[in-house]
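J.: Let me begin by handing over the structure; questions about it come next.
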Protein chains: 2
Amino acid sequence: MRADAARNREKVLEAARELFAAQGFDVPLDEIAARAGVGPGTVYRHFPTKQALFQAVTEARVAAMIESAALPAEDPRAALFAFLGRMAEEASAKRDMSDAITVTPELRKSLHATLGGLLHKAQEAGEVRTDVTATDLVILMKGMLQSLHEGGNPDVLLQIVLTGLQSSRKP
Amino acid sequence: MRADAARNREKVLEAARELFAAQGFDVPLDEIAARAGVGPGTVYRHFPTKQALFQAVTEARVAAMIESAALPAEDPRAALFAFLGRMAEEASAKRDMSDAITVTPELRKSLHATLGGLLHKAQEAGEVRTDVTATDLVILMKGMLQSLHEGGNPDVLLQIVLTGLQSSRKP
DNA sequence: GACGATACGGAACGCGCGCCCCGGTTGGCA
DNA sequence: TGCCAACCGGGGCGCGCGTTCCGTATCGTC
């Protein structure tokens, strides 16, 4: 690959990172190109489609999140809740996290699998209500993450969901 | 107004009711016109804009929901939860309920006011966590209502939110 | 320094959709 | 029954956006 090609590819990725994070998947591709200081055609030389560019930007962050979930094997409930908290944190800072679940089937599947594992362990330990499925959880989180961009208080919303997930053991 | 004009207006409303309910606000207006058996121009003779048609379809249902919230003055927590349940029920049957919050500022304000009243009473009674605002609740509900259309189990999702809303009184 | 391959920019295309306009038609009053 | 106003249908416009195409510029090699 030619030197300037590599440079432009990096400029495009940089611009895409910023704009996807600020405005989500819906940002026009021409805007990304303009910010990168290149033409739209150049973007398409490096990425076959807008979705591919989006995936290139988001999949690393999602992968990092998922990896971080595998580390601590202590309390299953804490592990699940920490992961959900991490998701909320990421999503309230960058608008593309919630879109990633919708736009890219691969990322959605990865998240589904990870959440499913954490959820199952927490349920086996009797810490989380057993009528929730991994699919429910992904969907609920997607809704909540989107809510974060509309002015909802992140801490409160997350707390509501986390509290609601816990098993209702009658005192 | 001429007789056939009134008839067409009703046919448009009927088609709009069905299609907005099935597909949400994003359904093309031409599709509504086709289903009503009229041309797009006819739709615009009766409603100045697509949004106006949407509002004409949804505002009656929202108003009915809001009225039903004023009736029972018993347990404040039950009143709030019943209303949220009603919202969830309506939204899982008709896809336009969640869009109504987004698209029509008036309806959003009505809902905000109603939810605010119910929430405040329930909070005063110590039944609901006090760090939640009416805005948070509207936003959270909107996210949850949208989640209902993506395969989430309505009962479970609603239960999670309702449980999470309750005051955490340590047993 | 020249030449071929590679990459660039941006104009242009196709498409979908909200919205408008106009020639033809229909309803209801005199 | 005839006439005018109201109304209808649908073709068309404007716009935004993803994507493609091509003439031109640039890189790297001989």
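Residue numbering restarts at 1 for every chain of the structure tokens, chains are lettered A, B, ... in their displayed order, and ligands are numbered from 1 as they appear.
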Find the residues of chain B that sit at most 10 Å from chain A; for each, write down the nearest two atoms and how far apart they are in Å, to one decimal. Count only C-alpha atoms. Sort by chain, then by number going up, and give it as a Markdown table.
T.:
| residue | atom | partner | partner_atom | distance |
| --- | --- | --- | --- | --- |
| B:Arg129 | CA | A:Ile160 | CA | 9.1 |
| B:Asp131 | CA | A:Val156 | CA | 6.9 |
| B:Val132 | CA | A:Val156 | CA | 6.6 |
| B:Thr133 | CA | A:Asn153 | CA | 8.8 |
| B:Ala134 | CA | A:Gly152 | CA | 9.9 |
| B:Thr135 | CA | A:Gly152 | CA | 7.0 |
| B:Asp136 | CA | A:Gly152 | CA | 4.9 |
| B:Leu137 | CA | A:Gly152 | CA | 8.2 |
| B:Val138 | CA | A:Gly152 | CA | 8.8 |
| B:Ile139 | CA | A:Ser147 | CA | 5.6 |
| B:Leu140 | CA | A:Ser147 | CA | 5.9 |
| B:Met141 | CA | A:Ser147 | CA | 8.7 |
| B:Lys142 | CA | A:Ser147 | CA | 7.5 |
| B:Gly143 | CA | A:Gly143 | CA | 4.2 |
| B:Met144 | CA | A:Gly143 | CA | 5.5 |
| B:Leu145 | CA | A:Gly143 | CA | 8.1 |
| B:Gln146 | CA | A:Gly143 | CA | 6.7 |
| B:Ser147 | CA | A:Gly143 | CA | 5.6 |
| B:Leu148 | CA | A:Ile139 | CA | 8.2 |
| B:His149 | CA | A:Ile139 | CA | 9.4 |
| B:Glu150 | CA | A:Ile139 | CA | 7.0 |
| B:Gly151 | CA | A:Asp136 | CA | 7.6 |
| B:Gly152 | CA | A:Asp136 | CA | 4.8 |
| B:Asn153 | CA | A:Asp136 | CA | 6.4 |
| B:Pro154 | CA | A:Asp136 | CA | 9.1 |
| B:Asp155 | CA | A:Asp131 | CA | 9.8 |
| B:Val156 | CA | A:Val132 | CA | 6.6 |
| B:Leu157 | CA | A:Leu140 | CA | 7.0 |
| B:Leu158 | CA | A:Gly164 | CA | 9.4 |
| B:Gln159 | CA | A:Gly164 | CA | 7.3 |
| B:Ile160 | CA | A:Gly164 | CA | 4.1 |
| B:Val161 | CA | A:Gly164 | CA | 5.8 |
| B:Leu162 | CA | A:Gly164 | CA | 7.1 |
| B:Thr163 | CA | A:Gly164 | CA | 4.7 |
| B:Gly164 | CA | A:Gly164 | CA | 3.9 |
| B:Leu165 | CA | A:Ile160 | CA | 5.8 |
| B:Gln166 | CA | A:Ile160 | CA | 8.5 |
| B:Ser167 | CA | A:Thr163 | CA | 9.9 |
| B:Ser168 | CA | A:Thr163 | CA | 8.5 |
| B:Lys170 | CA | A:Pro171 | CA | 8.7 |
| B:Pro171 | CA | A:Pro171 | CA | 5.4 |
J.: Restricting the output to C-alpha atoms, write the selected residues as a PDB file, in the first residue's frame.
T.:
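selection.pdb written:
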ATOM      1  CA  ARG B 129     -37.022   6.302  44.756  1.00  0.00           C
ATOM      2  CA  ASP B 131     -33.753  10.558  42.656  1.00  0.00           C
ATOM      3  CA  VAL B 132     -35.884   9.919  39.564  1.00  0.00           C
ATOM      4  CA  THR B 133     -37.314  12.920  37.758  1.00  0.00           C
ATOM      5  CA  ALA B 134     -40.290  12.992  35.440  1.00  0.00           C
ATOM      6  CA  THR B 135     -37.948  13.611  32.535  1.00  0.00           C
ATOM      7  CA  ASP B 136     -35.926  10.549  33.439  1.00  0.00           C
ATOM      8  CA  LEU B 137     -39.087   8.515  33.559  1.00  0.00           C
ATOM      9  CA  VAL B 138     -40.363   9.672  30.188  1.00  0.00           C
ATOM     10  CA  ILE B 139     -37.022   8.975  28.599  1.00  0.00           C
ATOM     11  CA  LEU B 140     -36.652   5.605  30.223  1.00  0.00           C
ATOM     12  CA  MET B 141     -40.150   4.593  29.212  1.00  0.00           C
ATOM     13  CA  LYS B 142     -39.558   5.673  25.643  1.00  0.00           C
ATOM     14  CA  GLY B 143     -36.478   3.482  25.496  1.00  0.00           C
ATOM     15  CA  MET B 144     -38.357   0.580  27.010  1.00  0.00           C
ATOM     16  CA  LEU B 145     -41.348   0.967  24.742  1.00  0.00           C
ATOM     17  CA  GLN B 146     -39.100   0.847  21.724  1.00  0.00           C
ATOM     18  CA  SER B 147     -37.485  -2.261  23.124  1.00  0.00           C
ATOM     19  CA  LEU B 148     -40.830  -3.980  23.152  1.00  0.00           C
ATOM     20  CA  HIS B 149     -40.917  -3.965  19.357  1.00  0.00           C
ATOM     21  CA  GLU B 150     -37.679  -5.849  19.061  1.00  0.00           C
ATOM     22  CA  GLY B 151     -38.702  -9.076  20.632  1.00  0.00           C
ATOM     23  CA  GLY B 152     -38.260  -8.345  24.301  1.00  0.00           C
ATOM     24  CA  ASN B 153     -40.685  -9.977  26.685  1.00  0.00           C
ATOM     25  CA  PRO B 154     -43.046  -7.143  27.636  1.00  0.00           C
ATOM     26  CA  ASP B 155     -43.986  -8.469  31.072  1.00  0.00           C
ATOM     27  CA  VAL B 156     -40.418  -9.079  32.125  1.00  0.00           C
ATOM     28  CA  LEU B 157     -39.107  -5.763  30.868  1.00  0.00           C
ATOM     29  CA  LEU B 158     -41.901  -3.864  32.561  1.00  0.00           C
ATOM     30  CA  GLN B 159     -41.388  -5.754  35.806  1.00  0.00           C
ATOM     31  CA  ILE B 160     -37.709  -4.904  35.802  1.00  0.00           C
ATOM     32  CA  VAL B 161     -38.425  -1.209  35.464  1.00  0.00           C
ATOM     33  CA  LEU B 162     -41.207  -1.216  38.032  1.00  0.00           C
ATOM     34  CA  THR B 163     -39.115  -3.108  40.544  1.00  0.00           C
ATOM     35  CA  GLY B 164     -36.202  -0.802  39.934  1.00  0.00           C
ATOM     36  CA  LEU B 165     -38.336   2.238  40.551  1.00  0.00           C
ATOM     37  CA  GLN B 166     -39.323   1.227  44.041  1.00  0.00           C
ATOM     38  CA  SER B 167     -37.598   2.709  47.019  1.00  0.00           C
ATOM     39  CA  SER B 168     -34.836   0.499  48.278  1.00  0.00           C
ATOM     40  CA  LYS B 170     -33.353  -2.249  53.445  1.00  0.00           C
ATOM     41  CA  PRO B 171     -35.024  -5.278  54.973  1.00  0.00           C
TER      42      PRO B 171
END
J.: Find the residues of chain A that sit at most 12 Å from chain C; for each, write down the nearest two atoms and how far apart they are in Å, to one decimal. Count only C-alpha atoms (C1' of nucleotides). Sort by chain, then by number going up, and give it as JSON lines.
T.:
{"residue": "A:Met1", "atom": "CA", "partner": "C:DT6", "partner_atom": "C1'", "distance": 8.7}
{"residue": "A:Arg2", "atom": "CA", "partner": "C:DT6", "partner_atom": "C1'", "distance": 7.6}
{"residue": "A:Ala3", "atom": "CA", "partner": "C:DA7", "partner_atom": "C1'", "distance": 10.2}
{"residue": "A:Asp4", "atom": "CA", "partner": "C:DA7", "partner_atom": "C1'", "distance": 8.3}
{"residue": "A:Ala5", "atom": "CA", "partner": "C:DA7", "partner_atom": "C1'", "distance": 6.7}
{"residue": "A:Ala6", "atom": "CA", "partner": "C:DA7", "partner_atom": "C1'", "distance": 10.5}
{"residue": "A:Arg7", "atom": "CA", "partner": "C:DA7", "partner_atom": "C1'", "distance": 11.6}
{"residue": "A:Asn8", "atom": "CA", "partner": "C:DC8", "partner_atom": "C1'", "distance": 9.9}
{"residue": "A:Arg9", "atom": "CA", "partner": "C:DA7", "partner_atom": "C1'", "distance": 11.3}
{"residue": "A:Asp30", "atom": "CA", "partner": "C:DG10", "partner_atom": "C1'", "distance": 10.8}
{"residue": "A:Ala33", "atom": "CA", "partner": "C:DG9", "partner_atom": "C1'", "distance": 10.6}
{"residue": "A:Ala34", "atom": "CA", "partner": "C:DG9", "partner_atom": "C1'", "distance": 11.0}
{"residue": "A:Gly37", "atom": "CA", "partner": "C:DG9", "partner_atom": "C1'", "distance": 10.1}
{"residue": "A:Val38", "atom": "CA", "partner": "C:DG9", "partner_atom": "C1'", "distance": 7.1}
{"residue": "A:Gly39", "atom": "CA", "partner": "C:DG9", "partner_atom": "C1'", "distance": 5.1}
{"residue": "A:Pro40", "atom": "CA", "partner": "C:DG10", "partner_atom": "C1'", "distance": 7.8}
{"residue": "A:Gly41", "atom": "CA", "partner": "C:DG9", "partner_atom": "C1'", "distance": 7.2}
{"residue": "A:Thr42", "atom": "CA", "partner": "C:DC8", "partner_atom": "C1'", "distance": 6.5}
{"residue": "A:Val43", "atom": "CA", "partner": "C:DC8", "partner_atom": "C1'", "distance": 10.2}
{"residue": "A:Tyr44", "atom": "CA", "partner": "C:DC8", "partner_atom": "C1'", "distance": 11.3}
{"residue": "A:Arg45", "atom": "CA", "partner": "C:DA7", "partner_atom": "C1'", "distance": 8.4}
{"residue": "A:His46", "atom": "CA", "partner": "C:DA7", "partner_atom": "C1'", "distance": 10.4}
J.: Give the answer as one residue: which of A:Val27, A:Ala79, A:Thr114, A:Arg108 has the shortest atom-to-atom distance to chain D, using only C-alpha atoms (C1' of nucleotides)?
T.: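 Smallest distance to chain D is found for A:Val27.
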J.: What residues in chain D lie within 8 Å of chain A, counting only C-alpha atoms (C1' of nucleotides), written as a PyMOL selection string?
T.: chain D and resi 17-18+27
J.: At a cut-off of 12 Å, using only C-alpha atoms (C1' of nucleotides), what residues contact Glu106 of chain A? Leave out same-chain residues fewer than 2 positions from it and give the result as a ChimeraX atom specification.
T.: /A:51-52,55-56,58-59,62-63,100-104,108-113
J.: Could you pull out the helix (DSSP H, G or I) residues of segment 18-159 of chain B from DSSP and send them as a VMD selection string?
T.: chain B and resid 18 to 23 29 to 36 40 to 46 50 to 70 76 to 93 96 to 103 105 to 124 134 to 148 154 to 159
J.: Any idea what the distance is between atom CA of Gln23 of chain A and atom CA of Phe47 of chain A?
T.: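 If I compute the distance from atom CA of Gln23 of chain A to atom CA of Phe47 of chain A, I get 19.7 Å.
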J.: May I ask for the distance between atom CA of Leu115 of chain B and atom CA of Leu80 of chain B, given in Å to one decimal place?
T.: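 Distance reported for this atom pair: 7.5 Å.
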J.: Please indicate the distance in Å from atom CA of Phe25 of chain B to atom CA of Asp96 of chain B, rounded to one decimal place.
T.: 6.3 Å
J.: Would you kindly return, as an NGL selection string, each protein, DNA or RNA residue with an atom no farther than 9 Å from any atom of Leu13 of chain A, considering only C-alpha atoms (C1' of nucleotides) and excluding same-chain residues fewer than 5 positions away?
T.: :A and (8 or 18 or 32 or 36 or 53 or 56-57)
J.: I need the residue nearest Gly116 of chain A from this list: A:Phe83, A:Ala16, A:Met97, A:Leu71. Use only C-alpha atoms for the distance.
T.: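 Of A:Phe83, A:Ala16, A:Met97, A:Leu71, the one nearest Gly116 of chain A, counting only C-alpha atoms, is A:Phe83.
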